[in-house]
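Structure first, then comments.
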Amino acid sequence: MSEPLHYKSVAELSSELSSKKISSVELTQAVIARTKAVDAKVRAFNSFDEADALAQAKASDERRSSAKTLGVLDGIPIGFKDVISVKGQPLTASSNMLKNFVSPYDATVTQKLKGVGAISWGRLNLDEFAMGSSTENSAFGQTHNPWDLERVPGGSSGGSAAALAAGEAPATLGSDTGGSIRQPAALCGVVGLKPTYGLISRYGLIAFASSLDQIGPFTRTVEDSAILLNAIAGHDPMDSTSFKTEIPDYRAELKKRKGPWKLGIPKEYFGEGLDPEVTKAVEDAVSFYKSKGCEIKEISLPHTKYAVGVYYIIATAECSSNLARYDGVRYGHRSKDANDILDLYFKSRAEGFGAEVKRRIILGTYVLSSGYQDAYYVRAQKVRTLIRRDFLEAYKDVDAVITPTSPTPAFKAGEKAANPLAMYLCDVYTIGVNLAGLPGLSIPCGYSKSGLPIGLQLIGKPYGESELLSIAHSYEQEHTWGTRHPNIEAQKGAL
Ligand code: GLN
């Protein structure tokens, strides 16, 4: 049975566009119609500009009719997490601090996508300033998981994952500092890639923790992930941490590599707190690789137990510094009843930031304060090095590491909201990857008995995206998890 337009992959849509079976205007209209039909329930979007998207689609169709098409992404709508700048459009980070802010320039990834004809389609909800794992921290209301509207879509890129799963965009972009692409991808049953630190420019991405943040794609398939990566990867002089490296054609490489691979299973990742249904799904995936001739090795990443602690020192330290710019003076929320400049800083920040953001700024200021900096921040940096070394040591012997993405399937909204520690533990399996700067990918690997998606995380070598995508692709070729869709129509909207 053929999928409706709003559930087709980028690769399929692209070939339908090239064979002129559909036009970009038709596709964009279908995506808009779908969004209008379901987003009152899902609430993935902070904003979208219908007229602007249709104008871009029309321009794409005109290019096509004069044989000036810009490539596979020409005419395909892509949703943006609301921390990635799109010139002339709102950019809020789901914060009251930036409620009325309009982006004065394009992020490098935006420019690159526009350069290949993709249509920038809407801005997607997130946990305020990307801090959270459920999208409940948004100042503009929570996003709902399309598979069960009473559950969270994960976070912080919950809007990007939910919009894709609900058919509101053929692909979206998110950002991942400690798991924010992979965990929501797992909870919403889609593919989410966090590239190697330095592969994608961060220019124009609202900074949370600069040494960890990385932009990446959410897609329906691994091939689509390769297509998006082709468009956004590459060195950028505007980001001093962007790396000069050869960028392969990820899509072409995908089919060339066939394995078998040597895959490592870290014993530290299968302990307490892991849901039995997740364990089973991941074990089944491991058995699949074994049946394909892959060698499976138990490995040890001994410093794993420190990852969450180290992350909450480094990420909060960097966020306290990055968010100092929101002072009510140059842009962003400005308090209306301040008496003097200090009062203006205090009141603007007190009114503009939500509870979780304040918690992080306070923690970060503390770990950087004199007398504590060596004990916390400097020490955490040292342990971070050990965490990275654990992985590099393992890669002497294996090609990739397999773990669950999230310890549990999607949890109920409200279940962890009052307990920051429980929320922080959602990222136990993803955070180490950011600390080590490695690429990580989440792909669907099953469903719980109650019908909730489960994600498999594959972790690659630095700049080893090509191989990582091939390993995932070989699994995807023989499984159909990613082709299921949630039944939003049958569900009553949640509050
Ligand atoms: N959930 C983690 C946090 O709250 C990671 C967020 C992210 O990757 N942006 O910080």
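Naming works like this for the structure tokens: A, B, ... for the chains as they're shown, residue 1 at the start of each chain, ligands 1 onward in shown order.
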
What's the 10 Å shell around Gln29 of chain A, counting only C-alpha atoms, without same-chain residues fewer than 6 positions away, as a PDB file with all heavy atoms, in the first residue's frame?
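Result written to part-v9.pdb:
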ATOM      1  N   HIS A   6       2.349  12.663   3.282  1.00  0.00           N
ATOM      2  CA  HIS A   6       2.962  13.162   4.521  1.00  0.00           C
ATOM      3  C   HIS A   6       3.739  12.080   5.274  1.00  0.00           C
ATOM      4  O   HIS A   6       4.380  12.383   6.271  1.00  0.00           O
ATOM      5  CB  HIS A   6       1.913  13.833   5.419  1.00  0.00           C
ATOM      6  CG  HIS A   6       0.799  12.937   5.848  1.00  0.00           C
ATOM      7  ND1 HIS A   6      -0.439  12.979   5.277  1.00  0.00           N
ATOM      8  CD2 HIS A   6       0.736  11.978   6.785  1.00  0.00           C
ATOM      9  CE1 HIS A   6      -1.228  12.086   5.848  1.00  0.00           C
ATOM     10  NE2 HIS A   6      -0.526  11.464   6.778  1.00  0.00           N
ATOM     11  N   SER A  23       4.348  17.982  -7.362  1.00  0.00           N
ATOM     12  CA  SER A  23       5.119  19.228  -7.360  1.00  0.00           C
ATOM     13  C   SER A  23       5.440  19.565  -5.911  1.00  0.00           C
ATOM     14  O   SER A  23       4.830  19.021  -4.982  1.00  0.00           O
ATOM     15  CB  SER A  23       4.296  20.358  -7.981  1.00  0.00           C
ATOM     16  OG  SER A  23       3.216  20.682  -7.119  1.00  0.00           O
ATOM     17  N   THR A  35      -0.366  19.128   9.126  1.00  0.00           N
ATOM     18  CA  THR A  35      -0.026  19.855  10.347  1.00  0.00           C
ATOM     19  C   THR A  35      -1.284  20.486  10.944  1.00  0.00           C
ATOM     20  O   THR A  35      -1.535  20.390  12.156  1.00  0.00           O
ATOM     21  CB  THR A  35       1.043  20.930  10.040  1.00  0.00           C
ATOM     22  OG1 THR A  35       2.179  20.267   9.481  1.00  0.00           O
ATOM     23  CG2 THR A  35       1.454  21.696  11.283  1.00  0.00           C
ATOM     24  N   GLU A  50       3.019  29.662   6.653  1.00  0.00           N
ATOM     25  CA  GLU A  50       2.465  28.940   5.520  1.00  0.00           C
ATOM     26  C   GLU A  50       2.800  29.624   4.185  1.00  0.00           C
ATOM     27  O   GLU A  50       3.255  28.978   3.236  1.00  0.00           O
ATOM     28  CB  GLU A  50       0.948  28.948   5.732  1.00  0.00           C
ATOM     29  CG  GLU A  50       0.227  27.859   5.081  1.00  0.00           C
ATOM     30  CD  GLU A  50      -1.279  27.940   5.419  1.00  0.00           C
ATOM     31  OE1 GLU A  50      -1.637  28.205   6.592  1.00  0.00           O
ATOM     32  OE2 GLU A  50      -2.069  27.744   4.491  1.00  0.00           O
ATOM     33  N   ALA A  53       6.435  29.224   3.241  1.00  0.00           N
ATOM     34  CA  ALA A  53       6.765  27.859   2.788  1.00  0.00           C
ATOM     35  C   ALA A  53       6.244  27.641   1.364  1.00  0.00           C
ATOM     36  O   ALA A  53       6.950  27.081   0.511  1.00  0.00           O
ATOM     37  CB  ALA A  53       6.170  26.828   3.742  1.00  0.00           C
ATOM     38  N   LEU A  54       5.039  28.120   1.099  1.00  0.00           N
ATOM     39  CA  LEU A  54       4.481  27.924  -0.246  1.00  0.00           C
ATOM     40  C   LEU A  54       5.234  28.729  -1.299  1.00  0.00           C
ATOM     41  O   LEU A  54       5.420  28.271  -2.429  1.00  0.00           O
ATOM     42  CB  LEU A  54       2.987  28.276  -0.252  1.00  0.00           C
ATOM     43  CG  LEU A  54       2.102  27.201   0.410  1.00  0.00           C
ATOM     44  CD1 LEU A  54       0.685  27.720   0.624  1.00  0.00           C
ATOM     45  CD2 LEU A  54       2.094  25.902  -0.406  1.00  0.00           C
ATOM     46  N   ALA A  57       8.215  26.776  -2.093  1.00  0.00           N
ATOM     47  CA  ALA A  57       7.847  25.609  -2.904  1.00  0.00           C
ATOM     48  C   ALA A  57       7.625  26.018  -4.362  1.00  0.00           C
ATOM     49  O   ALA A  57       8.053  25.327  -5.291  1.00  0.00           O
ATOM     50  CB  ALA A  57       6.588  24.972  -2.334  1.00  0.00           C
TER      51      ALA A  57
END

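Proximal residues of ligand 1 are A:Phe129, A:Ala130, A:Met131, A:Gly132, A:Ser133, A:Ser134, A:Gly155, A:Ser156, A:Ser157, A:Ser175, A:Asp176, A:Thr177, A:Gly178, A:Gly179, A:Ser180, A:Ile181, A:Phe208, A:Asp213, A:Tyr312, A:Ala315, A:Met423, A:Tyr424, A:Cys426, A:Asp427, A:Ile431, by a cut-off of 8 Å on only C-alpha atoms and all ligand atoms.
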
- Query: Leaving out Ser14 of chain A and any residue of its chain fewer than 2 positions from it, which residues lie within 10 Å of it when counting only C-alpha atoms, given as a VMD selection string?
  - Reply: chain A and resid 8 to 12 16 to 20 22 24 71 to 76

Using N, CA and C atoms, can you export the residues from the last selection as a PDB file, in the first residue's frame?
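Result file is selection-v2.pdb:
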ATOM      1  N   LYS A   8       5.747   9.824   3.455  1.00  0.00           N
ATOM      2  CA  LYS A   8       6.809   9.296   2.586  1.00  0.00           C
ATOM      3  C   LYS A   8       8.182   9.781   3.046  1.00  0.00           C
ATOM      4  N   SER A   9       9.187   8.990   2.692  1.00  0.00           N
ATOM      5  CA  SER A   9      10.550   9.383   3.053  1.00  0.00           C
ATOM      6  C   SER A   9      11.028  10.483   2.101  1.00  0.00           C
ATOM      7  N   VAL A  10      12.103  11.138   2.488  1.00  0.00           N
ATOM      8  CA  VAL A  10      12.701  12.173   1.647  1.00  0.00           C
ATOM      9  C   VAL A  10      13.133  11.563   0.316  1.00  0.00           C
ATOM     10  N   ALA A  11      13.728  10.369   0.357  1.00  0.00           N
ATOM     11  CA  ALA A  11      14.198   9.724  -0.877  1.00  0.00           C
ATOM     12  C   ALA A  11      13.028   9.478  -1.840  1.00  0.00           C
ATOM     13  N   GLU A  12      11.907   8.977  -1.288  1.00  0.00           N
ATOM     14  CA  GLU A  12      10.744   8.730  -2.154  1.00  0.00           C
ATOM     15  C   GLU A  12      10.183  10.039  -2.710  1.00  0.00           C
ATOM     16  N   GLU A  16       9.711  11.291  -6.581  1.00  0.00           N
ATOM     17  CA  GLU A  16       8.408  11.703  -7.132  1.00  0.00           C
ATOM     18  C   GLU A  16       8.450  13.135  -7.664  1.00  0.00           C
ATOM     19  N   LEU A  17       9.277  13.953  -7.003  1.00  0.00           N
ATOM     20  CA  LEU A  17       9.441  15.317  -7.511  1.00  0.00           C
ATOM     21  C   LEU A  17      10.191  15.286  -8.836  1.00  0.00           C
ATOM     22  N   SER A  18      11.254  14.460  -8.912  1.00  0.00           N
ATOM     23  CA  SER A  18      12.009  14.475 -10.177  1.00  0.00           C
ATOM     24  C   SER A  18      11.221  13.871 -11.331  1.00  0.00           C
ATOM     25  N   SER A  19      10.377  12.879 -11.030  1.00  0.00           N
ATOM     26  CA  SER A  19       9.589  12.321 -12.146  1.00  0.00           C
ATOM     27  C   SER A  19       8.331  13.155 -12.426  1.00  0.00           C
ATOM     28  N   LYS A  20       8.203  14.252 -11.697  1.00  0.00           N
ATOM     29  CA  LYS A  20       7.071  15.187 -11.852  1.00  0.00           C
ATOM     30  C   LYS A  20       5.726  14.551 -11.499  1.00  0.00           C
ATOM     31  N   ILE A  22       4.664  14.559  -8.488  1.00  0.00           N
ATOM     32  CA  ILE A  22       4.127  15.598  -7.606  1.00  0.00           C
ATOM     33  C   ILE A  22       4.936  16.875  -7.791  1.00  0.00           C
ATOM     34  N   SER A  24       6.399  20.457  -5.733  1.00  0.00           N
ATOM     35  CA  SER A  24       6.757  20.863  -4.380  1.00  0.00           C
ATOM     36  C   SER A  24       5.590  21.604  -3.720  1.00  0.00           C
ATOM     37  N   GLY A  71      19.124  19.697  -6.565  1.00  0.00           N
ATOM     38  CA  GLY A  71      19.546  18.411  -6.002  1.00  0.00           C
ATOM     39  C   GLY A  71      18.417  17.676  -5.317  1.00  0.00           C
ATOM     40  N   VAL A  72      18.772  16.596  -4.592  1.00  0.00           N
ATOM     41  CA  VAL A  72      17.747  15.719  -4.006  1.00  0.00           C
ATOM     42  C   VAL A  72      16.816  16.412  -3.032  1.00  0.00           C
ATOM     43  N   LEU A  73      17.291  17.456  -2.369  1.00  0.00           N
ATOM     44  CA  LEU A  73      16.440  18.085  -1.362  1.00  0.00           C
ATOM     45  C   LEU A  73      15.606  19.237  -1.921  1.00  0.00           C
ATOM     46  N   ASP A  74      15.802  19.540  -3.194  1.00  0.00           N
ATOM     47  CA  ASP A  74      15.072  20.676  -3.772  1.00  0.00           C
ATOM     48  C   ASP A  74      13.568  20.415  -3.689  1.00  0.00           C
ATOM     49  N   GLY A  75      12.871  21.310  -2.980  1.00  0.00           N
ATOM     50  CA  GLY A  75      11.411  21.210  -2.888  1.00  0.00           C
ATOM     51  C   GLY A  75      10.901  20.428  -1.694  1.00  0.00           C
ATOM     52  N   ILE A  76      11.811  19.944  -0.846  1.00  0.00           N
ATOM     53  CA  ILE A  76      11.394  19.135   0.316  1.00  0.00           C
ATOM     54  C   ILE A  76      11.318  20.021   1.575  1.00  0.00           C
TER      55      ILE A  76
END

- What is the atom CA of Ile299 of chain A-atom CA of Asp399 of chain A distance in Å, reported with one decimal? 11.9 Å

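Among the candidate residues A:Gly432, A:Pro462, A:Pro404, A:Gly482, the one lying nearest to Ala281 of chain A is A:Pro404, with distances computed using only C-alpha atoms.
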
- Apply DSSP to the structure's backbone, then extract all residues of segment 95-282 of chain A labelled strand (DSSP E or B) and return them as a ChimeraX atom specification. /A:102,119-124,145,148,151,171-176,191-194,200,205,214-219,233,262-266

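Within 12 Å of Val398 of chain A, once only C-alpha atoms are used and residues closer than 5 positions along the same chain are dropped, the contacting residues are Pro260, Trp261, Lys262, Leu263, Gly264, Ile265, Pro266, Cys294, Glu295, Ile296, Lys297, Glu298, Ile299, Ser300, Phe391, Leu392, Glu393, Ile459, Gly460 and Lys461 of chain A.
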
Go ahead and save the picked residues with N, CA, C and O atoms, as an mmCIF file, in the first residue's frame.
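Produced file part-v4.cif, reproduced below:
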data_model
loop_
_atom_site.group_PDB
_atom_site.id
_atom_site.type_symbol
_atom_site.label_atom_id
_atom_site.label_comp_id
_atom_site.auth_asym_id
_atom_site.auth_seq_id
_atom_site.Cartn_x
_atom_site.Cartn_y
_atom_site.Cartn_z
ATOM 1 N N PRO A 260 30.843 -7.904 7.324
ATOM 2 C CA PRO A 260 30.353 -7.871 8.706
ATOM 3 C C PRO A 260 31.240 -7.010 9.592
ATOM 4 O O PRO A 260 32.419 -6.833 9.309
ATOM 5 N N TRP A 261 30.626 -6.492 10.648
ATOM 6 C CA TRP A 261 31.357 -5.600 11.541
ATOM 7 C C TRP A 261 31.628 -6.275 12.874
ATOM 8 O O TRP A 261 30.967 -7.265 13.224
ATOM 9 N N LYS A 262 32.570 -5.664 13.570
ATOM 10 C CA LYS A 262 32.828 -6.092 14.956
ATOM 11 C C LYS A 262 32.096 -5.097 15.849
ATOM 12 O O LYS A 262 32.368 -3.886 15.793
ATOM 13 N N LEU A 263 31.166 -5.586 16.641
ATOM 14 C CA LEU A 263 30.340 -4.673 17.432
ATOM 15 C C LEU A 263 30.545 -4.905 18.925
ATOM 16 O O LEU A 263 30.585 -6.058 19.385
ATOM 17 N N GLY A 264 30.671 -3.831 19.661
ATOM 18 C CA GLY A 264 30.925 -3.920 21.100
ATOM 19 C C GLY A 264 29.671 -3.661 21.920
ATOM 20 O O GLY A 264 28.905 -2.739 21.622
ATOM 21 N N ILE A 265 29.474 -4.477 22.949
ATOM 22 C CA ILE A 265 28.349 -4.267 23.859
ATOM 23 C C ILE A 265 28.944 -3.881 25.209
ATOM 24 O O ILE A 265 29.568 -4.717 25.868
ATOM 25 N N PRO A 266 28.773 -2.632 25.623
ATOM 26 C CA PRO A 266 29.383 -2.230 26.894
ATOM 27 C C PRO A 266 28.595 -2.790 28.083
ATOM 28 O O PRO A 266 27.396 -2.529 28.206
ATOM 29 N N CYS A 294 28.314 -10.743 12.034
ATOM 30 C CA CYS A 294 29.078 -9.757 12.816
ATOM 31 C C CYS A 294 29.628 -10.432 14.069
ATOM 32 O O CYS A 294 28.989 -11.317 14.637
ATOM 33 N N GLU A 295 30.801 -9.965 14.462
ATOM 34 C CA GLU A 295 31.361 -10.498 15.704
ATOM 35 C C GLU A 295 30.911 -9.588 16.844
ATOM 36 O O GLU A 295 31.074 -8.363 16.772
ATOM 37 N N ILE A 296 30.323 -10.174 17.872
ATOM 38 C CA ILE A 296 29.826 -9.370 18.995
ATOM 39 C C ILE A 296 30.782 -9.563 20.172
ATOM 40 O O ILE A 296 31.073 -10.693 20.559
ATOM 41 N N LYS A 297 31.251 -8.454 20.700
ATOM 42 C CA LYS A 297 32.212 -8.545 21.805
ATOM 43 C C LYS A 297 31.707 -7.772 23.010
ATOM 44 O O LYS A 297 31.246 -6.631 22.862
ATOM 45 N N GLU A 298 31.806 -8.362 24.185
ATOM 46 C CA GLU A 298 31.492 -7.559 25.372
ATOM 47 C C GLU A 298 32.680 -6.624 25.616
ATOM 48 O O GLU A 298 33.830 -7.052 25.545
ATOM 49 N N ILE A 299 32.390 -5.352 25.835
ATOM 50 C CA ILE A 299 33.472 -4.403 26.116
ATOM 51 C C ILE A 299 33.179 -3.709 27.448
ATOM 52 O O ILE A 299 32.078 -3.821 27.984
ATOM 53 N N SER A 300 34.172 -2.974 27.924
ATOM 54 C CA SER A 300 33.962 -2.233 29.156
ATOM 55 C C SER A 300 34.270 -0.751 28.922
ATOM 56 O O SER A 300 35.287 -0.406 28.304
ATOM 57 N N PHE A 391 36.182 5.020 25.190
ATOM 58 C CA PHE A 391 35.629 4.715 23.862
ATOM 59 C C PHE A 391 36.760 4.455 22.866
ATOM 60 O O PHE A 391 36.724 3.488 22.114
ATOM 61 N N LEU A 392 37.779 5.328 22.868
ATOM 62 C CA LEU A 392 38.852 5.179 21.873
ATOM 63 C C LEU A 392 39.589 3.854 22.070
ATOM 64 O O LEU A 392 39.998 3.199 21.112
ATOM 65 N N GLU A 393 39.717 3.466 23.320
ATOM 66 C CA GLU A 393 40.327 2.171 23.637
ATOM 67 C C GLU A 393 39.471 1.049 23.041
ATOM 68 O O GLU A 393 39.982 0.140 22.374
ATOM 69 N N ILE A 459 26.888 3.675 18.289
ATOM 70 C CA ILE A 459 27.880 4.736 18.518
ATOM 71 C C ILE A 459 29.092 4.445 17.640
ATOM 72 O O ILE A 459 29.607 3.310 17.640
ATOM 73 N N GLY A 460 29.536 5.458 16.906
ATOM 74 C CA GLY A 460 30.621 5.242 15.946
ATOM 75 C C GLY A 460 31.938 5.880 16.360
ATOM 76 O O GLY A 460 32.043 6.541 17.396
ATOM 77 N N LYS A 461 32.929 5.699 15.491
ATOM 78 C CA LYS A 461 34.244 6.306 15.709
ATOM 79 C C LYS A 461 34.178 7.787 15.324
ATOM 80 O O LYS A 461 33.309 8.165 14.536
#

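Nearest-residue note for Ile362 of chain A: choosing from A:Ala67, A:Ala338, A:Leu323, A:Ile84, the minimum distance belongs to A:Leu323, counting only C-alpha atoms.
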
- Which distance in Å separates atom CA of Leu368 of chain A and atom CA of Cys319 of chain A, to one decimal? 11.1 Å

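Interatomic distance, atom CA of Gly328 of chain A against atom CA of Gly79 of chain A: 29.0 Å.
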
Could the residues of segment 203-288 of chain A that have an atom at most 9 Å from segment 182-195 of chain A be listed as a tab-separated table, each with its closest atom pair and the distance in Å to one decimal, counting only C-alpha atoms and ordered by chain and ascending residue number?
residue	atom	partner	partner_atom	distance
A:Gln214	CA	A:Lys194	CA	6.7
A:Ile215	CA	A:Lys194	CA	6.9
A:Gly216	CA	A:Lys194	CA	5.2
A:Pro217	CA	A:Leu193	CA	5.7
A:Phe218	CA	A:Gly192	CA	4.6
A:Thr219	CA	A:Val191	CA	5.2
A:Arg220	CA	A:Val190	CA	5.5
A:Thr221	CA	A:Val191	CA	6.1
A:Val222	CA	A:Val191	CA	6.6
A:Asp224	CA	A:Val191	CA	8.9
A:Ser225	CA	A:Leu193	CA	7.1
A:Leu229	CA	A:Pro195	CA	8.6
A:Ala233	CA	A:Pro195	CA	8.9

Dump as a short mmCIF file (atom, residue, chain, number, x, y, z; two decimals), in the first residue's frame, selection limited to all heavy atoms:
data_model
loop_
_atom_site.label_atom_id
_atom_site.label_comp_id
_atom_site.auth_asym_id
_atom_site.auth_seq_id
_atom_site.Cartn_x
_atom_site.Cartn_y
_atom_site.Cartn_z
N GLN A 214 25.55 19.85 19.18
CA GLN A 214 25.74 19.49 17.78
C GLN A 214 24.36 19.38 17.12
O GLN A 214 23.42 18.86 17.72
CB GLN A 214 26.50 18.17 17.74
CG GLN A 214 27.24 17.77 16.51
CD GLN A 214 28.18 18.76 15.84
OE1 GLN A 214 28.50 18.58 14.70
NE2 GLN A 214 28.61 19.83 16.50
N ILE A 215 24.26 19.92 15.91
CA ILE A 215 23.00 19.84 15.15
C ILE A 215 22.95 18.51 14.42
O ILE A 215 23.99 18.00 14.00
CB ILE A 215 22.92 21.01 14.14
CG1 ILE A 215 22.83 22.35 14.87
CG2 ILE A 215 21.74 20.84 13.18
CD1 ILE A 215 22.95 23.58 13.99
N GLY A 216 21.76 17.96 14.25
CA GLY A 216 21.65 16.72 13.46
C GLY A 216 20.23 16.49 12.97
O GLY A 216 19.29 17.16 13.42
N PRO A 217 20.08 15.54 12.03
CA PRO A 217 18.76 15.30 11.42
C PRO A 217 17.90 14.25 12.11
O PRO A 217 18.41 13.27 12.66
CB PRO A 217 19.14 14.80 10.01
CG PRO A 217 20.47 14.14 10.20
CD PRO A 217 21.16 14.82 11.35
N PHE A 218 16.59 14.46 12.02
CA PHE A 218 15.59 13.44 12.34
C PHE A 218 14.98 13.02 11.00
O PHE A 218 14.53 13.90 10.23
CB PHE A 218 14.44 14.03 13.17
CG PHE A 218 14.77 14.29 14.60
CD1 PHE A 218 15.28 15.51 15.01
CD2 PHE A 218 14.52 13.32 15.57
CE1 PHE A 218 15.55 15.76 16.35
CE2 PHE A 218 14.78 13.56 16.91
CZ PHE A 218 15.31 14.78 17.30
N THR A 219 14.93 11.73 10.75
CA THR A 219 14.40 11.27 9.47
C THR A 219 13.62 9.97 9.66
O THR A 219 13.67 9.36 10.73
CB THR A 219 15.57 11.00 8.49
OG1 THR A 219 16.51 10.14 9.14
CG2 THR A 219 16.26 12.28 8.08
N ARG A 220 12.90 9.57 8.60
CA ARG A 220 12.16 8.30 8.66
C ARG A 220 13.06 7.11 8.41
O ARG A 220 12.75 6.00 8.81
CB ARG A 220 11.07 8.27 7.59
CG ARG A 220 10.09 9.38 7.72
CD ARG A 220 8.85 9.18 6.89
NE ARG A 220 8.08 10.40 6.98
CZ ARG A 220 7.45 10.79 8.09
NH1 ARG A 220 7.46 10.05 9.16
NH2 ARG A 220 6.83 11.95 8.12
N THR A 221 14.14 7.33 7.65
CA THR A 221 15.01 6.21 7.29
C THR A 221 16.48 6.62 7.46
O THR A 221 16.81 7.81 7.53
CB THR A 221 14.83 5.83 5.80
OG1 THR A 221 15.27 6.94 5.00
CG2 THR A 221 13.38 5.50 5.45
N VAL A 222 17.33 5.60 7.46
CA VAL A 222 18.76 5.84 7.56
C VAL A 222 19.26 6.52 6.28
O VAL A 222 20.11 7.42 6.32
CB VAL A 222 19.50 4.51 7.83
CG1 VAL A 222 21.00 4.70 7.80
CG2 VAL A 222 19.06 3.92 9.17
N ASP A 224 17.65 8.61 4.44
CA ASP A 224 17.31 10.03 4.55
C ASP A 224 18.29 10.76 5.47
O ASP A 224 18.64 11.93 5.24
CB ASP A 224 15.89 10.22 5.12
CG ASP A 224 14.81 9.96 4.07
OD1 ASP A 224 15.15 9.57 2.94
OD2 ASP A 224 13.62 10.15 4.41
N SER A 225 18.74 10.07 6.51
CA SER A 225 19.70 10.67 7.42
C SER A 225 20.99 11.00 6.65
O SER A 225 21.57 12.09 6.80
CB SER A 225 19.98 9.69 8.57
OG SER A 225 20.65 10.32 9.60
N LEU A 229 22.60 14.62 6.02
CA LEU A 229 23.98 14.85 6.46
C LEU A 229 24.83 15.38 5.30
O LEU A 229 25.64 16.29 5.48
CB LEU A 229 24.57 13.54 7.02
CG LEU A 229 25.83 13.70 7.84
CD1 LEU A 229 25.60 14.59 9.05
CD2 LEU A 229 26.37 12.34 8.29
N ALA A 233 26.76 18.81 6.48
CA ALA A 233 28.10 18.60 7.05
C ALA A 233 29.13 19.48 6.35
O ALA A 233 28.92 19.91 5.22
CB ALA A 233 28.50 17.13 6.91
#

- Task: Counting only C-alpha atoms, figure out which residue out of A:Asp397, A:Gly332, A:Thr316, A:Glu283 gets nearest to Thr365 of chain A.
- Result: A:Thr316

- Message: Need the shell around Ser211 of chain A: protein/DNA/RNA residues with any atom at most 12 Å away, counting only C-alpha atoms. Skip same-chain ones fewer than 4 positions apart. Format as a list of chain:residue names?
- Response: A:Asp176, A:Thr177, A:Gly178, A:Thr196, A:Tyr197, A:Gly198, A:Arg202, A:Ala207, A:Asp239, A:Ser240, A:Thr241, A:Ser242, A:Tyr311, A:Ile314, A:Ala315, A:Thr316, A:Ala317, A:Glu318, A:Cys319, A:Asn322, A:Gln381, A:Arg384, A:Asn434, A:Leu435, A:Ala436, A:Gly437

Could you please take those selected residues and save C-alpha atoms as a PDB file, in the first residue's frame?
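Contents of part-v1.pdb, as written:
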ATOM      1  CA  ASP A 176      21.898  17.235  20.793  1.00  0.00           C
ATOM      2  CA  THR A 177      23.947  18.250  23.829  1.00  0.00           C
ATOM      3  CA  GLY A 178      23.411  15.156  25.969  1.00  0.00           C
ATOM      4  CA  THR A 196      30.666  13.887  15.591  1.00  0.00           C
ATOM      5  CA  TYR A 197      31.391  17.141  17.411  1.00  0.00           C
ATOM      6  CA  GLY A 198      32.790  19.507  14.795  1.00  0.00           C
ATOM      7  CA  ARG A 202      27.020  25.514  15.170  1.00  0.00           C
ATOM      8  CA  ALA A 207      24.193  27.959  22.422  1.00  0.00           C
ATOM      9  CA  ASP A 239      32.456  28.165  13.825  1.00  0.00           C
ATOM     10  CA  SER A 240      35.950  27.849  15.277  1.00  0.00           C
ATOM     11  CA  THR A 241      35.223  24.310  16.505  1.00  0.00           C
ATOM     12  CA  SER A 242      34.119  23.102  13.095  1.00  0.00           C
ATOM     13  CA  TYR A 311      27.792  16.270  32.181  1.00  0.00           C
ATOM     14  CA  ILE A 314      30.281  20.841  32.325  1.00  0.00           C
ATOM     15  CA  ALA A 315      26.922  21.545  30.670  1.00  0.00           C
ATOM     16  CA  THR A 316      25.731  23.789  33.490  1.00  0.00           C
ATOM     17  CA  ALA A 317      29.067  25.643  33.607  1.00  0.00           C
ATOM     18  CA  GLU A 318      28.912  26.360  29.889  1.00  0.00           C
ATOM     19  CA  CYS A 319      25.237  27.270  30.009  1.00  0.00           C
ATOM     20  CA  ASN A 322      26.379  31.254  27.397  1.00  0.00           C
ATOM     21  CA  GLN A 381      37.047  17.953  32.477  1.00  0.00           C
ATOM     22  CA  ARG A 384      35.587  13.684  30.534  1.00  0.00           C
ATOM     23  CA  ASN A 434      28.531  13.897  23.717  1.00  0.00           C
ATOM     24  CA  LEU A 435      31.257  14.032  26.351  1.00  0.00           C
ATOM     25  CA  ALA A 436      33.448  11.909  24.064  1.00  0.00           C
ATOM     26  CA  GLY A 437      32.463  13.962  20.980  1.00  0.00           C
TER      27      GLY A 437
END

- Item | Contacts of Lys258 of chain A at 9 Å (only C-alpha atoms; same-chain gap of 4+ positions) as a PyMOL selection string | chain A and resi 254+470-471+474

I need the chosen residues saved as a PDB file, in the first residue's frame, with C-alpha atoms.
ATOM      1  CA  LEU A 254      25.680   3.622   2.474  1.00  0.00           C
ATOM      2  CA  SER A 470      25.885   1.578   6.952  1.00  0.00           C
ATOM      3  CA  ILE A 471      25.654  -0.524  10.105  1.00  0.00           C
ATOM      4  CA  SER A 474      21.946  -3.112   7.210  1.00  0.00           C
TER       5      SER A 474
END
